[in-house]
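Asker: File name protein23.cif; file contents mmCIF, C-alpha atoms; full text below.
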data_entry
loop_
_atom_site.label_atom_id
_atom_site.label_comp_id
_atom_site.auth_asym_id
_atom_site.auth_seq_id
_atom_site.Cartn_x
_atom_site.Cartn_y
_atom_site.Cartn_z
CA MET W 82 21.08 -12.83 -28.44
CA ASN W 83 17.41 -11.84 -28.49
CA PRO W 84 16.53 -9.48 -31.34
CA ASP W 85 13.41 -8.31 -29.48
CA VAL W 86 15.44 -6.79 -26.65
CA ASP W 87 16.68 -3.24 -27.02
CA LEU W 88 19.11 -2.36 -24.25
CA VAL W 89 20.02 1.32 -24.11
CA PRO W 90 22.94 2.02 -21.77
CA LEU W 91 23.28 5.67 -20.86
CA ALA W 92 26.70 7.07 -19.97
CA ALA W 93 25.95 10.74 -20.42
CA ARG W 94 24.27 13.61 -18.62
CA VAL W 95 20.78 14.24 -19.86
CA SER W 96 18.40 17.12 -19.34
CA ALA W 97 15.18 16.74 -17.38
CA GLU W 98 13.25 16.70 -20.66
CA GLU W 99 15.50 13.97 -22.11
CA LEU W 100 15.19 11.93 -18.93
CA ASP W 101 11.42 12.29 -19.04
CA GLN W 102 11.36 11.04 -22.65
CA LEU W 103 13.70 8.13 -21.88
CA ALA W 104 11.56 6.98 -18.94
CA ARG W 105 8.41 7.28 -21.04
CA GLU W 106 9.92 4.95 -23.68
CA ALA W 107 11.42 2.41 -21.25
CA ASP W 108 9.83 -0.75 -19.92
CA ILE W 109 12.12 -0.78 -16.87
CA VAL W 110 14.78 1.62 -15.59
CA LEU W 111 17.92 0.46 -13.80
CA ASP W 112 19.62 3.20 -11.80
CA CYS W 113 23.34 2.65 -11.30
CA SER W 114 24.22 6.28 -10.61
CA ASP W 115 26.41 7.47 -7.77
CA ASN W 116 24.67 10.59 -6.48
CA PHE W 117 21.36 11.55 -4.91
CA ALA W 118 20.49 14.29 -7.41
CA THR W 119 20.55 11.82 -10.30
CA ARG W 120 18.73 9.13 -8.32
CA HIS W 121 15.95 11.55 -7.41
CA ALA W 122 15.62 12.81 -10.99
CA VAL W 123 15.38 9.23 -12.29
CA ASN W 124 12.83 8.40 -9.58
CA ARG W 125 10.63 11.38 -10.48
CA ALA W 126 10.62 10.36 -14.15
CA CYS W 127 9.78 6.74 -13.27
CA VAL W 128 6.95 7.78 -10.95
CA ALA W 129 5.55 10.17 -13.57
CA HIS W 130 5.41 7.40 -16.19
CA ARG W 131 4.72 4.44 -13.85
CA ARG W 132 7.93 2.68 -14.87
CA PRO W 133 9.53 0.17 -12.51
CA LEU W 134 12.83 1.41 -11.10
CA VAL W 135 15.53 -1.04 -10.04
CA SER W 136 17.92 0.91 -7.84
CA GLY W 137 21.34 -0.29 -6.72
CA ALA W 138 24.13 1.35 -4.77
CA ALA W 139 27.42 0.31 -3.18
CA ILE W 140 30.05 2.02 -1.06
CA ARG W 141 33.00 0.54 0.80
CA PHE W 142 31.76 -2.95 1.82
CA ASP W 143 28.03 -2.13 1.92
CA ALA W 144 25.36 -2.28 -0.77
CA GLN W 145 21.64 -1.97 -1.25
CA VAL W 146 19.19 -2.95 -3.96
CA MET W 147 15.47 -2.21 -4.19
CA VAL W 148 12.69 -2.26 -6.74
CA PHE W 149 10.26 0.64 -6.82
CA ASP W 150 7.31 -0.54 -8.90
CA ARG W 151 4.66 2.16 -8.82
CA ARG W 152 2.41 0.03 -11.02
CA GLN W 153 1.55 -1.75 -7.75
CA ALA W 154 -0.95 -0.11 -5.42
CA ASN W 155 0.64 1.77 -2.52
CA ALA W 156 4.19 0.95 -3.64
CA ALA W 157 6.93 3.20 -2.31
CA CYS W 158 9.21 5.29 -4.50
CA TYR W 159 12.87 6.19 -3.96
CA ALA W 160 11.86 9.46 -2.27
CA CYS W 161 9.85 7.50 0.33
CA LEU W 162 13.17 5.94 1.38
CA PHE W 163 15.39 9.00 0.89
CA PRO W 164 13.24 12.17 0.87
CA GLU W 165 14.45 14.81 -1.56
CA ASP W 166 14.49 17.53 1.10
CA ALA W 167 16.36 15.44 3.69
CA GLU W 168 19.80 16.58 4.71
CA VAL W 169 21.97 13.66 3.68
CA GLU W 170 25.74 13.67 3.63
CA GLU W 171 26.73 12.76 0.08
CA VAL W 172 29.44 10.11 0.27
CA GLN W 173 30.96 9.12 -3.06
CA CYS W 174 32.91 6.03 -4.04
CA SER W 175 35.70 8.18 -5.45
CA GLN W 176 36.42 9.36 -1.89
CA MET W 177 35.37 6.38 0.23
CA GLY W 178 36.13 3.52 -2.15
CA VAL W 179 34.06 0.49 -3.02
CA LEU W 180 34.85 -3.21 -3.11
CA ALA W 181 34.86 -3.98 -6.84
CA PRO W 182 33.26 -7.45 -6.62
CA LEU W 183 30.41 -5.87 -4.64
CA THR W 184 29.45 -3.65 -7.57
CA GLY W 185 29.34 -6.79 -9.73
CA MET W 186 27.01 -8.44 -7.22
CA VAL W 187 24.73 -5.39 -7.16
CA GLY W 188 24.62 -5.28 -10.96
CA ALA W 189 23.80 -8.99 -11.17
CA ILE W 190 20.98 -8.60 -8.63
CA GLN W 191 19.62 -5.60 -10.52
CA ALA W 192 19.70 -7.61 -13.77
CA MET W 193 17.83 -10.49 -12.11
CA GLU W 194 15.20 -8.13 -10.70
CA ALA W 195 14.73 -6.59 -14.16
CA ILE W 196 14.30 -10.02 -15.74
CA LYS W 197 11.71 -11.00 -13.12
CA LEU W 198 9.81 -7.78 -13.81
CA LEU W 199 9.93 -8.29 -17.57
CA VAL W 200 8.74 -11.90 -17.53
CA GLY W 201 6.37 -11.50 -14.57
CA SER W 202 7.91 -14.35 -12.62
CA GLY W 203 8.97 -14.74 -9.02
CA GLU W 204 8.88 -12.19 -6.24
CA THR W 205 10.77 -8.95 -6.79
CA LEU W 206 12.30 -6.65 -4.22
CA ASN W 207 9.37 -4.26 -4.61
CA GLY W 208 8.68 -2.90 -1.14
CA ARG W 209 11.79 -4.54 0.32
CA LEU W 210 15.25 -3.00 0.64
CA LEU W 211 18.01 -5.59 0.31
CA LEU W 212 21.04 -4.65 2.43
CA ILE W 213 24.34 -6.42 1.82
CA ASP W 214 27.26 -6.34 4.27
CA ALA W 215 30.15 -7.85 2.34
CA LEU W 216 32.49 -7.84 5.36
CA SER W 217 30.28 -10.10 7.42
CA ALA W 218 28.70 -11.87 4.42
CA GLU W 219 25.25 -11.00 5.76
CA TRP W 220 22.21 -10.08 3.70
CA ARG W 221 18.96 -8.81 5.12
CA THR W 222 15.82 -7.18 3.84
CA VAL W 223 13.84 -4.35 5.34
CA LYS W 224 10.21 -3.72 4.40
CA LEU W 225 9.41 -0.25 3.08
CA ASN W 226 5.92 1.15 2.78
CA GLN W 227 4.83 4.13 0.76
CA ASP W 228 5.10 7.39 2.67
CA PRO W 229 1.68 9.10 2.41
CA ALA W 230 3.48 12.44 2.85
CA CYS W 231 5.99 11.75 0.05
CA ARG W 232 6.25 14.78 -2.21
CA VAL W 233 6.86 12.60 -5.26
CA CYS W 234 4.33 9.75 -5.00
CA GLY W 235 2.23 10.38 -1.87
#
If you convert what's in this file into structure tokens, what do you get?
Answerer:
Amino acid sequence: MNPDVDLVPLAARVSAEELDQLAREADIVLDCSDNFATRHAVNRACVAHRRPLVSGAAIRFDAQVMVFDRRQANAACYACLFPEDAEVEEVQCSQMGVLAPLTGMVGAIQAMEAIKLLVGSGETLNGRLLLIDALSAEWRTVKLNQDPACRVCG
């Protein structure tokens, strides 16, 4: 509807060099991937080029959304929340399942956060992790500060 908007959905594996180029050219990056390796690679590219990252994830009845806007002083990055060298059990939706409407909610929240970033209006989730429990219909936010020892942005 707006000829000035160029949305580039990516449904393919890209090399590190391609990812670096894509992040360099983007105004905002929305990460909707389902594994830590991809999330960390996207985060590194966003940190390198100071691009806001809107991250969303859902599994079973739980979801999380956060904005990592390294254009802001002392803002955290994805690796501050989930360090790359941490031993994390990778749990995938294909094995554990995910409530389909929950992924729609996460996508809608990510879209709203991206719009707020683009127009510079409202308060984004930068520095705050939104946690959604669909079973109890409870939402809460947790503040996240930059980790000075973070290997990506510290």
Asker: CA of Met186 (chain W) to CA of Phe142 (chain W): how many Å, to one decimal?
Answerer: 11.6 Å
Asker: Nearest residue to Arg131 (chain W) out of W:Ala154, W:Ala192, W:Ala118, W:Ala97, using all atoms listed in the file?
Answerer: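 Nearest to Arg131 (chain W): W:Ala154.
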Asker: Mind checking which residues fall within 10 Å of Ala107 (chain W), counting all atoms listed in the file, ignoring those fewer than 2 positions away in the same chain, and posting them as a PyMOL selection string?
Answerer: chain W and resi 87-89+102-105+109-110+127+130+132-133
Asker: With C-alpha atoms retained, export the selected residues as a PDB file, keeping the file's coordinate frame.
Answerer:
ATOM      1  CA  ASP W  87      16.680  -3.240 -27.020  1.00  0.00           C
ATOM      2  CA  LEU W  88      19.110  -2.360 -24.250  1.00  0.00           C
ATOM      3  CA  VAL W  89      20.020   1.320 -24.110  1.00  0.00           C
ATOM      4  CA  GLN W 102      11.360  11.040 -22.650  1.00  0.00           C
ATOM      5  CA  LEU W 103      13.700   8.130 -21.880  1.00  0.00           C
ATOM      6  CA  ALA W 104      11.560   6.980 -18.940  1.00  0.00           C
ATOM      7  CA  ARG W 105       8.410   7.280 -21.040  1.00  0.00           C
ATOM      8  CA  ILE W 109      12.120  -0.780 -16.870  1.00  0.00           C
ATOM      9  CA  VAL W 110      14.780   1.620 -15.590  1.00  0.00           C
ATOM     10  CA  CYS W 127       9.780   6.740 -13.270  1.00  0.00           C
ATOM     11  CA  HIS W 130       5.410   7.400 -16.190  1.00  0.00           C
ATOM     12  CA  ARG W 132       7.930   2.680 -14.870  1.00  0.00           C
ATOM     13  CA  PRO W 133       9.530   0.170 -12.510  1.00  0.00           C
TER      14      PRO W 133
END
Asker: As a check of understanding, name the residues that the PyMOL selection byres ((chain W and resi 122) around 10) selects in the supplied structure, as a ChimeraX atom specification.
Answerer: /W:96-97,100-101,117-121,123-127,165
Asker: May I have the selected residues written with C-alpha atoms, as an mmCIF file, keeping the file's coordinate frame?
Answerer:
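Final output, saved to result_19.cif:
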data_model
loop_
_atom_site.group_PDB
_atom_site.id
_atom_site.type_symbol
_atom_site.label_atom_id
_atom_site.label_comp_id
_atom_site.auth_asym_id
_atom_site.auth_seq_id
_atom_site.Cartn_x
_atom_site.Cartn_y
_atom_site.Cartn_z
ATOM 1 C CA SER W 96 18.400 17.120 -19.340
ATOM 2 C CA ALA W 97 15.180 16.740 -17.380
ATOM 3 C CA LEU W 100 15.190 11.930 -18.930
ATOM 4 C CA ASP W 101 11.420 12.290 -19.040
ATOM 5 C CA PHE W 117 21.360 11.550 -4.910
ATOM 6 C CA ALA W 118 20.490 14.290 -7.410
ATOM 7 C CA THR W 119 20.550 11.820 -10.300
ATOM 8 C CA ARG W 120 18.730 9.130 -8.320
ATOM 9 C CA HIS W 121 15.950 11.550 -7.410
ATOM 10 C CA VAL W 123 15.380 9.230 -12.290
ATOM 11 C CA ASN W 124 12.830 8.400 -9.580
ATOM 12 C CA ARG W 125 10.630 11.380 -10.480
ATOM 13 C CA ALA W 126 10.620 10.360 -14.150
ATOM 14 C CA CYS W 127 9.780 6.740 -13.270
ATOM 15 C CA GLU W 165 14.450 14.810 -1.560
#
Asker: Where does the PyMOL selection byres ((chain W and resi 136) around 9) land in this file, that is, which residues does it pick, as a list in words?
Answerer: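 The output of the PyMOL selection byres ((chain W and resi 136) around 9) on this file is Val110, Leu111, Asp112, Cys113, Ser114, Arg120, Leu134, Val135, Gly137, Ala138, Gln145, Val146, Met147, Val148, Phe149, Tyr159 and Gln191 of chain W.
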Asker: Apply the PyMOL selection byres ((chain W and resi 227) around 10) to the file shown and report the selected residues as a list in words.
Answerer: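 Residues picked by the PyMOL selection byres ((chain W and resi 227) around 10): Phe149, Arg151, Ala154, Asn155, Ala156, Ala157, Cys158, Tyr159, Ala160, Cys161, Leu162, Gly208, Leu225, Asn226, Asp228, Pro229, Ala230, Cys231, Cys234 and Gly235 of chain W.
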Asker: In Å, how far is it from CA of Val86 (chain W) to CA of Ile196 (chain W)?
Answerer: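 We find that CA of Val86 (chain W) and CA of Ile196 (chain W) lie 11.4 Å from each other.
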Asker: Figure out the distance between CA of Ala139 (chain W) and CA of Gly188 (chain W), please, to one decimal in Å.
Answerer: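 These two atoms are separated by 10.0 Å.
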Asker: Go through W:Glu98, W:Leu198, W:Leu212, W:Val223 and flag the residue nearest Ile140 (chain W), using all atoms listed in the file for the distances.
Answerer: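 Closest to Ile140 (chain W), using all atoms listed in the file: W:Leu212.
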Asker: For a cut-off of 12 Å around (33.6, -0.6, -6.5), file coordinates, pick out all residues using all atoms listed in the file and list them as number ranges by chain.
Answerer: W: 113, 115, 138-144, 173-188, 215
Asker: For the residues in that selection, give me C-alpha atoms as a compact mmCIF listing (two decimals), in the frame of the given file.
Answerer:
# COMPACT_ATOMS: atom_id res chain seq x y z
CA CYS W 113 23.34 2.65 -11.30
CA ASP W 115 26.41 7.47 -7.77
CA ALA W 138 24.13 1.35 -4.77
CA ALA W 139 27.42 0.31 -3.18
CA ILE W 140 30.05 2.02 -1.06
CA ARG W 141 33.00 0.54 0.80
CA PHE W 142 31.76 -2.95 1.82
CA ASP W 143 28.03 -2.13 1.92
CA ALA W 144 25.36 -2.28 -0.77
CA GLN W 173 30.96 9.12 -3.06
CA CYS W 174 32.91 6.03 -4.04
CA SER W 175 35.70 8.18 -5.45
CA GLN W 176 36.42 9.36 -1.89
CA MET W 177 35.37 6.38 0.23
CA GLY W 178 36.13 3.52 -2.15
CA VAL W 179 34.06 0.49 -3.02
CA LEU W 180 34.85 -3.21 -3.11
CA ALA W 181 34.86 -3.98 -6.84
CA PRO W 182 33.26 -7.45 -6.62
CA LEU W 183 30.41 -5.87 -4.64
CA THR W 184 29.45 -3.65 -7.57
CA GLY W 185 29.34 -6.79 -9.73
CA MET W 186 27.01 -8.44 -7.22
CA VAL W 187 24.73 -5.39 -7.16
CA GLY W 188 24.62 -5.28 -10.96
CA ALA W 215 30.15 -7.85 2.34
